[in-house]
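This is structure17.cif. It holds mmCIF, C-alpha atoms.
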data_work
#
loop_
_atom_site.label_atom_id
_atom_site.label_comp_id
_atom_site.auth_asym_id
_atom_site.auth_seq_id
_atom_site.Cartn_x
_atom_site.Cartn_y
_atom_site.Cartn_z
CA MET J 1 -7.61 3.20 35.10
CA ALA J 2 -7.78 4.27 31.44
CA ASP J 3 -9.73 2.04 29.09
CA ALA J 4 -7.58 -0.34 27.07
CA ALA J 5 -7.22 0.44 23.38
CA PRO J 6 -9.68 -1.55 21.22
CA SER J 7 -8.14 -4.60 19.60
CA ARG J 8 -10.48 -4.92 16.62
CA PHE J 9 -11.26 -2.72 13.65
CA VAL J 10 -12.73 -3.04 10.17
CA ALA J 11 -10.31 -2.47 7.30
CA ALA J 12 -11.27 -1.71 3.71
CA CYS J 13 -9.26 -1.75 0.49
CA VAL J 14 -10.38 0.37 -2.44
CA GLN J 15 -9.43 -1.21 -5.76
CA MET J 16 -9.17 1.40 -8.52
CA ARG J 17 -8.40 1.77 -12.20
CA SER J 18 -6.90 5.24 -12.08
CA GLY J 19 -6.54 7.07 -15.37
CA ARG J 20 -4.88 10.22 -16.62
CA GLU J 21 -7.19 12.80 -15.01
CA PRO J 22 -6.32 13.41 -11.35
CA LEU J 23 -9.61 15.09 -10.42
CA ALA J 24 -11.67 12.19 -11.80
CA ASN J 25 -9.50 9.74 -9.87
CA ARG J 26 -9.82 11.86 -6.72
CA ASP J 27 -13.61 11.87 -7.02
CA ALA J 28 -13.69 8.09 -7.49
CA ALA J 29 -11.56 7.63 -4.37
CA VAL J 30 -13.72 10.00 -2.32
CA THR J 31 -16.87 8.14 -3.39
CA ALA J 32 -15.29 4.80 -2.46
CA ILE J 33 -14.16 6.06 0.94
CA ARG J 34 -17.69 7.27 1.66
CA GLU J 35 -19.11 3.88 0.63
CA ALA J 36 -16.55 1.93 2.70
CA ALA J 37 -17.31 4.06 5.77
CA GLY J 38 -21.01 3.46 5.22
CA ARG J 39 -20.32 -0.27 5.25
CA GLY J 40 -18.60 -0.06 8.62
CA ALA J 41 -14.94 0.55 7.78
CA ASP J 42 -12.75 2.24 10.39
CA TYR J 43 -9.71 2.31 8.11
CA VAL J 44 -9.69 2.67 4.31
CA GLN J 45 -6.70 2.14 2.06
CA THR J 46 -6.38 3.23 -1.58
CA PRO J 47 -3.80 1.87 -4.06
CA GLU J 48 -0.46 3.13 -5.24
CA MET J 49 -0.80 6.07 -7.65
CA THR J 50 -4.32 6.83 -6.50
CA SER J 51 -4.49 10.18 -8.29
CA LEU J 52 -2.79 9.38 -11.59
CA VAL J 53 -1.47 6.40 -13.54
CA GLU J 54 0.72 7.84 -16.28
CA ARG J 55 3.89 6.32 -17.69
CA ASP J 56 4.77 9.26 -19.97
CA ARG J 57 7.23 11.40 -18.00
CA ALA J 58 6.31 14.74 -19.58
CA ARG J 59 2.57 14.16 -19.13
CA LEU J 60 3.14 13.10 -15.54
CA PHE J 61 5.10 16.24 -14.67
CA ASP J 62 2.45 18.38 -16.34
CA ARG J 63 -0.34 17.00 -14.13
CA ILE J 64 1.24 17.09 -10.68
CA GLY J 65 2.61 19.65 -8.25
CA PRO J 66 4.06 19.85 -4.75
CA GLN J 67 2.36 18.09 -1.87
CA GLU J 68 0.85 21.27 -0.44
CA ASN J 69 -1.06 21.93 -3.69
CA ASP J 70 -2.22 18.39 -4.42
CA PRO J 71 -6.03 18.29 -4.87
CA THR J 72 -6.29 14.56 -4.21
CA LEU J 73 -4.50 14.86 -0.88
CA ALA J 74 -6.80 17.74 0.08
CA GLY J 75 -9.90 15.86 -1.08
CA LEU J 76 -9.05 12.65 0.75
CA ARG J 77 -8.20 14.55 3.93
CA GLU J 78 -11.67 16.04 3.78
CA ALA J 79 -13.20 12.61 3.07
CA ALA J 80 -11.46 11.18 6.14
CA ARG J 81 -12.75 14.03 8.29
CA GLU J 82 -16.32 13.91 6.95
CA ASN J 83 -16.62 10.14 7.30
CA ARG J 84 -14.62 9.82 10.55
CA VAL J 85 -12.31 7.14 9.14
CA VAL J 86 -8.56 6.69 8.95
CA VAL J 87 -7.42 6.85 5.32
CA GLN J 88 -4.16 5.49 3.99
CA ILE J 89 -3.47 6.89 0.54
CA GLY J 90 -1.46 4.12 -1.12
CA SER J 91 0.57 6.77 -2.87
CA LEU J 92 0.47 9.99 -4.85
CA ALA J 93 3.03 11.35 -7.30
CA VAL J 94 4.24 14.70 -5.95
CA ARG J 95 6.93 17.05 -7.22
CA ASN J 96 10.28 16.70 -5.49
CA GLY J 97 12.74 19.02 -7.23
CA ASP J 98 13.39 17.80 -10.77
CA LYS J 99 12.08 14.35 -9.89
CA ILE J 100 8.92 12.94 -8.31
CA ALA J 101 8.29 11.33 -4.95
CA ASN J 102 6.04 8.27 -4.87
CA ARG J 103 4.56 9.19 -1.49
CA ALA J 104 2.08 7.45 0.82
CA PHE J 105 0.03 9.33 3.40
CA LEU J 106 -1.73 8.20 6.57
CA ILE J 107 -4.60 10.54 7.46
CA ASP J 108 -6.47 10.36 10.75
CA ALA J 109 -10.20 10.74 11.28
CA ASP J 110 -9.73 14.47 11.89
CA GLY J 111 -8.24 14.84 8.42
CA GLU J 112 -4.72 15.43 9.72
CA ILE J 113 -1.67 13.87 8.09
CA ARG J 114 -0.18 11.52 10.68
CA ALA J 115 2.59 10.04 8.54
CA ALA J 116 4.13 10.14 5.07
CA TYR J 117 6.39 7.58 3.41
CA ASP J 118 8.42 7.76 0.19
CA LYS J 119 8.75 4.45 -1.65
CA VAL J 120 12.22 3.07 -0.94
CA HIS J 121 12.63 0.45 -3.67
CA LEU J 122 12.24 1.70 -7.24
CA TYR J 123 10.94 -0.60 -9.96
CA ASP J 124 13.79 -0.92 -12.48
CA VAL J 125 13.05 -4.21 -14.27
CA ASP J 126 12.93 -5.94 -17.66
CA LEU J 127 10.13 -8.49 -17.91
CA PRO J 128 9.90 -11.57 -20.17
CA ASN J 129 7.04 -10.09 -22.22
CA GLY J 130 9.16 -7.11 -23.25
CA GLU J 131 7.88 -4.66 -20.62
CA SER J 132 10.65 -2.47 -19.28
CA TRP J 133 10.30 -0.10 -16.33
CA ARG J 134 12.80 2.43 -14.98
CA GLU J 135 11.20 4.21 -12.04
CA SER J 136 14.57 5.63 -11.02
CA ALA J 137 14.59 7.79 -14.17
CA THR J 138 11.54 9.69 -12.90
CA TYR J 139 11.24 9.05 -9.17
CA THR J 140 13.50 9.64 -6.22
CA GLY J 141 13.60 6.82 -3.68
CA GLY J 142 13.03 7.24 0.02
CA ASP J 143 15.47 6.08 2.68
CA CYS J 144 13.32 5.70 5.80
CA ALA J 145 10.73 3.08 6.76
CA VAL J 146 7.68 4.28 8.69
CA VAL J 147 5.64 2.81 11.55
CA ALA J 148 2.60 4.85 12.57
CA SER J 149 0.13 4.47 15.42
CA LEU J 150 -3.56 3.99 14.69
CA PRO J 151 -6.18 4.01 17.45
CA TRP J 152 -6.16 0.20 17.30
CA ALA J 153 -2.71 -0.87 16.14
CA LYS J 154 0.72 0.10 14.88
CA ILE J 155 0.91 0.04 11.09
CA GLY J 156 3.94 -0.36 8.84
CA ILE J 157 3.79 1.51 5.55
CA SER J 158 5.34 0.38 2.28
CA ILE J 159 4.49 0.62 -1.43
CA CYS J 160 4.27 -2.01 -4.18
CA TYR J 161 7.80 -3.14 -5.20
CA ASP J 162 8.86 -2.94 -1.55
CA ILE J 163 6.98 -6.25 -1.11
CA ARG J 164 9.92 -8.07 -2.76
CA PHE J 165 12.31 -6.93 -0.03
CA PRO J 166 11.45 -8.85 3.14
CA ALA J 167 14.00 -7.01 5.28
CA ILE J 168 11.88 -3.84 5.32
CA PHE J 169 8.84 -5.77 6.57
CA ARG J 170 10.82 -7.55 9.26
CA ALA J 171 12.23 -4.20 10.37
CA LEU J 172 8.73 -2.72 10.54
CA ALA J 173 7.47 -5.69 12.59
CA GLU J 174 10.48 -5.53 14.91
CA ALA J 175 9.70 -1.83 15.39
CA GLY J 176 6.23 -2.76 16.64
CA ALA J 177 4.04 -2.90 13.54
CA GLU J 178 1.20 -5.42 13.81
CA VAL J 179 -0.37 -4.49 10.48
CA LEU J 180 1.77 -4.21 7.34
CA THR J 181 0.72 -2.61 4.06
CA ALA J 182 1.89 -2.69 0.44
CA PRO J 183 -0.67 -0.87 -1.74
CA ALA J 184 0.28 -1.45 -5.34
CA CYS J 185 0.11 -0.83 -9.05
CA PHE J 186 1.35 -4.37 -9.82
CA THR J 187 1.75 -5.36 -13.47
CA ARG J 188 -0.51 -8.17 -14.62
CA GLN J 189 2.40 -10.44 -15.58
CA THR J 190 4.17 -10.24 -12.23
CA GLY J 191 0.91 -10.21 -10.32
CA GLU J 192 -0.23 -13.48 -11.84
CA ALA J 193 3.09 -15.05 -10.87
CA HIS J 194 3.82 -13.58 -7.46
CA TRP J 195 1.17 -11.28 -5.92
CA HIS J 196 -0.55 -13.75 -3.60
CA LEU J 197 2.70 -15.52 -2.75
CA LEU J 198 4.49 -12.31 -1.70
CA GLN J 199 1.61 -10.90 0.34
CA ARG J 200 1.07 -14.12 2.24
CA ALA J 201 4.80 -14.66 2.78
CA ARG J 202 5.29 -11.23 4.35
CA ALA J 203 2.34 -11.91 6.67
CA VAL J 204 3.63 -15.33 7.72
CA GLU J 205 7.26 -14.25 8.16
CA THR J 206 6.33 -11.49 10.58
CA GLY J 207 3.11 -12.79 12.15
CA SER J 208 1.32 -9.66 10.92
CA PHE J 209 -1.78 -8.70 8.99
CA MET J 210 -1.09 -7.59 5.40
CA ILE J 211 -3.46 -5.07 3.84
CA SER J 212 -2.78 -4.15 0.21
CA ALA J 213 -5.13 -2.24 -2.08
CA ALA J 214 -4.31 -2.49 -5.78
CA GLN J 215 -4.86 -0.92 -9.16
CA GLY J 216 -6.56 -3.26 -11.62
CA GLY J 217 -7.30 -3.50 -15.33
CA LEU J 218 -6.27 -1.74 -18.53
CA HIS J 219 -5.34 1.88 -17.86
CA GLU J 220 -5.49 4.87 -20.17
CA ASP J 221 -1.69 4.98 -20.45
CA GLY J 222 -1.70 1.41 -21.84
CA ARG J 223 -0.41 -0.49 -18.84
CA GLU J 224 -2.35 -3.42 -17.41
CA THR J 225 -2.41 -4.06 -13.68
CA TYR J 226 -3.35 -7.17 -11.76
CA GLY J 227 -5.85 -6.06 -9.11
CA HIS J 228 -6.75 -8.73 -6.54
CA SER J 229 -6.53 -6.37 -3.54
CA LEU J 230 -5.89 -8.52 -0.47
CA ILE J 231 -6.32 -8.62 3.28
CA VAL J 232 -4.29 -11.48 4.80
CA ASP J 233 -4.16 -12.60 8.43
CA PRO J 234 -0.98 -13.42 10.42
CA TRP J 235 -1.34 -17.13 9.66
CA GLY J 236 -1.34 -16.42 5.91
CA ARG J 237 -5.07 -16.89 5.38
CA ILE J 238 -6.79 -14.60 2.89
CA LEU J 239 -9.62 -12.79 4.70
CA ALA J 240 -10.81 -10.77 1.71
CA GLU J 241 -9.87 -10.49 -1.97
CA ALA J 242 -11.13 -8.20 -4.71
CA ASP J 243 -12.90 -9.65 -7.72
CA GLY J 244 -10.09 -9.88 -10.26
CA ASP J 245 -9.12 -6.52 -11.71
CA GLU J 246 -12.49 -4.79 -11.33
CA PRO J 247 -12.75 -1.62 -9.24
CA GLY J 248 -14.51 -2.19 -5.94
CA ILE J 249 -14.22 -2.40 -2.17
CA ILE J 250 -13.30 -5.28 0.12
CA LEU J 251 -13.62 -5.34 3.90
CA ALA J 252 -12.45 -7.56 6.74
CA GLU J 253 -12.36 -7.39 10.50
CA ILE J 254 -8.84 -7.14 11.91
CA ASP J 255 -8.46 -8.79 15.31
CA LEU J 256 -5.11 -7.85 16.84
CA ALA J 257 -5.34 -10.78 19.25
CA GLN J 258 -4.39 -12.96 16.28
CA VAL J 259 -1.03 -11.20 16.03
CA THR J 260 -0.27 -12.01 19.67
CA GLU J 261 -1.43 -15.59 19.20
CA VAL J 262 0.57 -16.28 16.04
CA ARG J 263 3.74 -14.56 17.26
CA GLY J 264 3.48 -16.59 20.45
CA ARG J 265 2.95 -19.81 18.55
CA ILE J 266 5.87 -19.27 16.13
CA PRO J 267 8.08 -16.51 17.61
CA ALA J 268 10.18 -15.98 14.48
CA LEU J 269 10.85 -12.34 15.31
CA ARG J 270 12.12 -13.23 18.79
CA ASN J 271 14.05 -16.32 17.67
CA ALA J 272 16.20 -14.53 15.10
CA ARG J 273 19.94 -14.70 15.77
CA PRO J 274 22.83 -12.75 14.28
CA PHE J 275 25.00 -14.62 11.81
CA SER J 276 27.69 -14.08 9.25
CA VAL J 277 28.25 -15.54 5.80
CA ARG J 278 31.52 -17.21 4.81
CA HIS J 279 32.71 -18.61 1.52
CA ALA J 280 33.72 -22.25 1.62
#
Render the structure in this file as C-alpha cells.
Amino acid sequence: MADAAPSRFVAACVQMRSGREPLANRDAAVTAIREAAGRGADYVQTPEMTSLVERDRARLFDRIGPQENDPTLAGLREAARENRVVVQIGSLAVRNGDKIANRAFLIDADGEIRAAYDKVHLYDVDLPNGESWRESATYTGGDCAVVASLPWAKIGISICYDIRFPAIFRALAEAGAEVLTAPACFTRQTGEAHWHLLQRARAVETGSFMISAAQGGLHEDGRETYGHSLIVDPWGRILAEADGDEPGIILAEIDLAQVTEVRGRIPALRNARPFSVRHA
C-alpha cells in the first residue's frame, strides 16, 4: 500500500515593500525564500506585485514584459529549485496585449510552474481619503478560479481584492481546496478597517486555512500599504502575523486534520441549499 500523503507542512509568508526596480525586488524575494527555507518552510508565499509596485501606467509598461521573459519569475523558479520549497508568487505584472495581467504563479520544488491565476476582481474604487484606483484601466481581469495540488494539500489561489468576494472562496473550497490564499497589496486605509476581518471570515466560512502575504509600508510610487501578513486556521484563529508593515517572514505549521475537524463540526459547505430571491 502506498504511503498516505503527509498532512502537515510549514508555511511561510514573505512581507515585502517592493519598489520601482524589479531586479532589486526579485533579489529581496530570493533572499527571503532562502531564509524561510532555512527556517523550515516547505511552502513560501510572496505578496501581490512582488516584482514591482508602480502606479504610473507608462512607467509600469516600461519595466515589464511577457511572462516568458520575466526575470523575477525565472529567479523565483530557481530559488524554489535550489531550496526545495514550493513557492507561490503572490502576483507579477506581465504584458498581456495592450494591457497587463496581474498573475499569480505556483512553482513546485523542482522549479516548474504548476499553476497560474489571473486576478479576477479588479480594484476600481474611490476611498474616503481621496484615493482613487482604476485597475481596469491598466489590467485585464481573469475569468477562471484555480485549485492546485501541493504534496500536502489542495490550495485555492486568489489575489488581494478577490478577498471581498466570498463566492470565489466558497467555490474553491467546494472544489476541494483546504488552504486558501489572498496575497495582497492592500491600502493602509482599507487594511486598517477590514484586513483581519476579511481574512478570518473567509477561513471561517469555508473551514479552511487562509495564507496571505502582504506588501507593507510607504512605497517609492507614493502608495502606502498595510502589511500584517496573516496565516489563519479554519476556526478563525491567527497562527502568525507580521510585525505591522515591516518587511519580514512569518511561519506557521499547517495541520490539515484541522480542516477535517472544523468542517465536520460545522459542515457549512455540505449544509448549503439552493434558494431564490423574491421581492415582497
Which residues come within 9 Å of stretch 270-278 of chain J, counting only C-alpha atoms, excluding same-chain residues fewer than 4 positions away, as number ranges by chain?
J: 174, 263, 266
What's the 8 Å shell around J:Asp42, counting all atoms listed in the file, without same-chain residues fewer than 5 positions away, as a list in words?
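Contacts, in chain order: Phe9, Val10, Ala11, Ala12, Ala37, Arg84, Val85 and Val86 of chain J.
Closest approach to J:Gly156 among J:Pro71, J:Gly176, J:Gly97, J:Pro66 is made by J:Gly176 (distances from all atoms listed in the file).
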With all atoms listed in the file as the counted atoms, please give the residues lying no more than 7 Å from J:Ala240, apart from itself and same-chain residues fewer than 6 positions off, as a list in words.
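Near neighbours after the sequence-gap exclusion: Leu230, Ile231, Ile250, Leu251 and Ala252 of chain J.
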Under the rule that all atoms listed in the file are counted, which of J:Ala175, J:Ala137, J:Leu60, J:Ile159 is the nearest residue to J:Ile211?
J:Ile159
Give me the residues near J:Phe209 as a PyMOL selection string, where near means some atom within 9 Å (using all atoms listed in the file) and where sequence neighbours in that chain fewer than 3 positions away do not count.
chain J and resi 178-181+202-204+206+231-236+254+256+258-259
Evaluate the PyMOL selection byres ((chain J and resi 188) around 10) here and jot the selected residues down as a list in words.
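On this input, the PyMOL selection byres ((chain J and resi 188) around 10) captures Cys185, Phe186, Thr187, Gln189, Thr190, Gly191, Glu192, Ala193, His194, Trp195, Gly216, Gly217, Leu218, Arg223, Glu224, Thr225, Tyr226, Gly227 and Asp245 of chain J.
With all atoms listed in the file as the atoms that count, the residue of J:Ser208, J:Ser229, J:Ser51, J:Thr260 with the shortest distance to J:Ala184 is J:Ser229.
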Between J:Met210, J:Val94, J:Ala201, J:Ala268, which one has atoms that come closest to J:Ser158, using all atoms listed in the file?
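Using all atoms listed in the file, the shortest distance to J:Ser158 belongs to J:Met210.
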Across J:Leu122, J:Arg237, J:Asn83, J:Gln215, the smallest distance to J:Gly38, with all atoms listed in the file counted, is shown by J:Asn83
Restricting the calculation to only C-alpha atoms, which member of J:Val146, J:Ile89, J:Ala213, J:Cys160 is positioned closest to J:Met16?
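Closest candidate: J:Ala213.
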Could you list, as a ChimeraX atom specification, every residue within 7 Å of J:Thr46, counting only C-alpha atoms and ignoring same-chain residues fewer than 6 positions away?
/J:13-15,88-90,213
For a cut-off of 6 Å around (2.2, 9.0, 6.8), file coordinates, pick out all residues using all atoms listed in the file and list them as an MDAnalysis selection string.
chainID J and resid 105:106 114:117
Evaluated on this file, the PyMOL selection byres ((chain J and resi 28) around 12) picks out some residues - which ones are they, written as a PyMOL selection string?
chain J and resi 14-19+21-27+29-35+46+50-52+72+75-76+79+247-249
Assuming 6 Å of padding per side, give the centre and edge lengths of the axis-aligned box around every listed atom of stretch 37-40 of chain J, in Å to one decimal and as AutoDock Vina command-line options.
--center_x -19.2 --center_y 1.9 --center_z 6.9 --size_x 15.7 --size_y 16.3 --size_z 15.4
So how far away is atom CA of J:His219 from atom CA of J:Glu135, in Å?
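Separating atom CA of J:Glu135 from atom CA of J:His219 is a distance of 17.7 Å.
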Which distance in Å separates atom CA of J:Arg63 and atom CA of J:Pro47, to one decimal?
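Spanning atom CA of J:Arg63 to atom CA of J:Pro47 is a straight-line distance of 18.5 Å.
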Find the distance between atom CA of J:Ala171 and atom CA of J:Ala145 and write it in Å to one decimal.
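Going from atom CA of J:Ala171 over to atom CA of J:Ala145, I get 8.3 Å.
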Would you mind completing stretch 248-268 of chain J so that it carries N, CA, C and O atoms, and writing it out as a PDB file, in the frame of the given file?
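Contents of result.pdb, as written:
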ATOM      1  N   GLY J 248     -13.557  -1.801  -6.969  1.00  0.00           N
ATOM      2  CA  GLY J 248     -14.510  -2.190  -5.940  1.00  0.00           C
ATOM      3  C   GLY J 248     -13.908  -2.026  -4.561  1.00  0.00           C
ATOM      4  O   GLY J 248     -12.818  -1.465  -4.387  1.00  0.00           O
ATOM      5  N   ILE J 249     -14.606  -2.548  -3.564  1.00  0.00           N
ATOM      6  CA  ILE J 249     -14.220  -2.400  -2.170  1.00  0.00           C
ATOM      7  C   ILE J 249     -14.281  -3.767  -1.495  1.00  0.00           C
ATOM      8  O   ILE J 249     -15.239  -4.520  -1.695  1.00  0.00           O
ATOM      9  N   ILE J 250     -13.258  -4.087  -0.718  1.00  0.00           N
ATOM     10  CA  ILE J 250     -13.300  -5.280   0.120  1.00  0.00           C
ATOM     11  C   ILE J 250     -13.128  -4.860   1.575  1.00  0.00           C
ATOM     12  O   ILE J 250     -12.503  -3.844   1.863  1.00  0.00           O
ATOM     13  N   LEU J 251     -13.710  -5.637   2.478  1.00  0.00           N
ATOM     14  CA  LEU J 251     -13.620  -5.340   3.900  1.00  0.00           C
ATOM     15  C   LEU J 251     -13.337  -6.612   4.684  1.00  0.00           C
ATOM     16  O   LEU J 251     -13.724  -7.717   4.269  1.00  0.00           O
ATOM     17  N   ALA J 252     -12.662  -6.449   5.822  1.00  0.00           N
ATOM     18  CA  ALA J 252     -12.450  -7.560   6.740  1.00  0.00           C
ATOM     19  C   ALA J 252     -12.232  -7.005   8.131  1.00  0.00           C
ATOM     20  O   ALA J 252     -11.694  -5.902   8.298  1.00  0.00           O
ATOM     21  N   GLU J 253     -12.640  -7.774   9.119  1.00  0.00           N
ATOM     22  CA  GLU J 253     -12.360  -7.390  10.500  1.00  0.00           C
ATOM     23  C   GLU J 253     -10.937  -7.807  10.862  1.00  0.00           C
ATOM     24  O   GLU J 253     -10.521  -8.932  10.596  1.00  0.00           O
ATOM     25  N   ILE J 254     -10.200  -6.881  11.457  1.00  0.00           N
ATOM     26  CA  ILE J 254      -8.840  -7.140  11.910  1.00  0.00           C
ATOM     27  C   ILE J 254      -8.864  -7.304  13.422  1.00  0.00           C
ATOM     28  O   ILE J 254      -9.244  -6.382  14.151  1.00  0.00           O
ATOM     29  N   ASP J 255      -8.485  -8.478  13.884  1.00  0.00           N
ATOM     30  CA  ASP J 255      -8.460  -8.790  15.310  1.00  0.00           C
ATOM     31  C   ASP J 255      -7.001  -8.900  15.740  1.00  0.00           C
ATOM     32  O   ASP J 255      -6.316  -9.871  15.427  1.00  0.00           O
ATOM     33  N   LEU J 256      -6.522  -7.904  16.464  1.00  0.00           N
ATOM     34  CA  LEU J 256      -5.110  -7.850  16.840  1.00  0.00           C
ATOM     35  C   LEU J 256      -4.707  -8.985  17.764  1.00  0.00           C
ATOM     36  O   LEU J 256      -3.507  -9.286  17.885  1.00  0.00           O
ATOM     37  N   ALA J 257      -5.672  -9.634  18.409  1.00  0.00           N
ATOM     38  CA  ALA J 257      -5.340 -10.780  19.250  1.00  0.00           C
ATOM     39  C   ALA J 257      -4.689 -11.886  18.432  1.00  0.00           C
ATOM     40  O   ALA J 257      -3.885 -12.672  18.958  1.00  0.00           O
ATOM     41  N   GLN J 258      -4.998 -11.942  17.137  1.00  0.00           N
ATOM     42  CA  GLN J 258      -4.390 -12.960  16.280  1.00  0.00           C
ATOM     43  C   GLN J 258      -2.896 -12.741  16.111  1.00  0.00           C
ATOM     44  O   GLN J 258      -2.124 -13.693  15.961  1.00  0.00           O
ATOM     45  N   VAL J 259      -2.469 -11.492  16.129  1.00  0.00           N
ATOM     46  CA  VAL J 259      -1.030 -11.200  16.030  1.00  0.00           C
ATOM     47  C   VAL J 259      -0.322 -11.763  17.259  1.00  0.00           C
ATOM     48  O   VAL J 259       0.707 -12.450  17.151  1.00  0.00           O
ATOM     49  N   THR J 260      -0.857 -11.486  18.435  1.00  0.00           N
ATOM     50  CA  THR J 260      -0.270 -12.010  19.670  1.00  0.00           C
ATOM     51  C   THR J 260      -0.242 -13.532  19.663  1.00  0.00           C
ATOM     52  O   THR J 260       0.767 -14.152  20.037  1.00  0.00           O
ATOM     53  N   GLU J 261      -1.338 -14.124  19.219  1.00  0.00           N
ATOM     54  CA  GLU J 261      -1.430 -15.590  19.200  1.00  0.00           C
ATOM     55  C   GLU J 261      -0.396 -16.196  18.269  1.00  0.00           C
ATOM     56  O   GLU J 261       0.336 -17.122  18.642  1.00  0.00           O
ATOM     57  N   VAL J 262      -0.329 -15.698  17.033  1.00  0.00           N
ATOM     58  CA  VAL J 262       0.570 -16.280  16.040  1.00  0.00           C
ATOM     59  C   VAL J 262       2.031 -16.036  16.414  1.00  0.00           C
ATOM     60  O   VAL J 262       2.873 -16.930  16.303  1.00  0.00           O
ATOM     61  N   ARG J 263       2.350 -14.837  16.877  1.00  0.00           N
ATOM     62  CA  ARG J 263       3.740 -14.560  17.260  1.00  0.00           C
ATOM     63  C   ARG J 263       4.144 -15.358  18.492  1.00  0.00           C
ATOM     64  O   ARG J 263       5.338 -15.655  18.677  1.00  0.00           O
ATOM     65  N   GLY J 264       3.177 -15.719  19.328  1.00  0.00           N
ATOM     66  CA  GLY J 264       3.480 -16.590  20.450  1.00  0.00           C
ATOM     67  C   GLY J 264       3.665 -18.025  20.034  1.00  0.00           C
ATOM     68  O   GLY J 264       4.506 -18.755  20.577  1.00  0.00           O
ATOM     69  N   ARG J 265       2.895 -18.433  19.035  1.00  0.00           N
ATOM     70  CA  ARG J 265       2.950 -19.810  18.550  1.00  0.00           C
ATOM     71  C   ARG J 265       4.257 -20.080  17.796  1.00  0.00           C
ATOM     72  O   ARG J 265       4.908 -21.104  17.988  1.00  0.00           O
ATOM     73  N   ILE J 266       4.626 -19.160  16.903  1.00  0.00           N
ATOM     74  CA  ILE J 266       5.870 -19.270  16.130  1.00  0.00           C
ATOM     75  C   ILE J 266       6.601 -17.934  16.288  1.00  0.00           C
ATOM     76  O   ILE J 266       6.401 -17.014  15.494  1.00  0.00           O
ATOM     77  N   PRO J 267       7.448 -17.803  17.300  1.00  0.00           N
ATOM     78  CA  PRO J 267       8.080 -16.510  17.610  1.00  0.00           C
ATOM     79  C   PRO J 267       9.283 -16.226  16.716  1.00  0.00           C
ATOM     80  O   PRO J 267      10.415 -16.040  17.199  1.00  0.00           O
ATOM     81  N   ALA J 268       9.060 -16.152  15.416  1.00  0.00           N
ATOM     82  CA  ALA J 268      10.180 -15.980  14.480  1.00  0.00           C
ATOM     83  C   ALA J 268      10.911 -14.668  14.695  1.00  0.00           C
ATOM     84  O   ALA J 268      12.133 -14.597  14.516  1.00  0.00           O
TER      85      ALA J 268
END
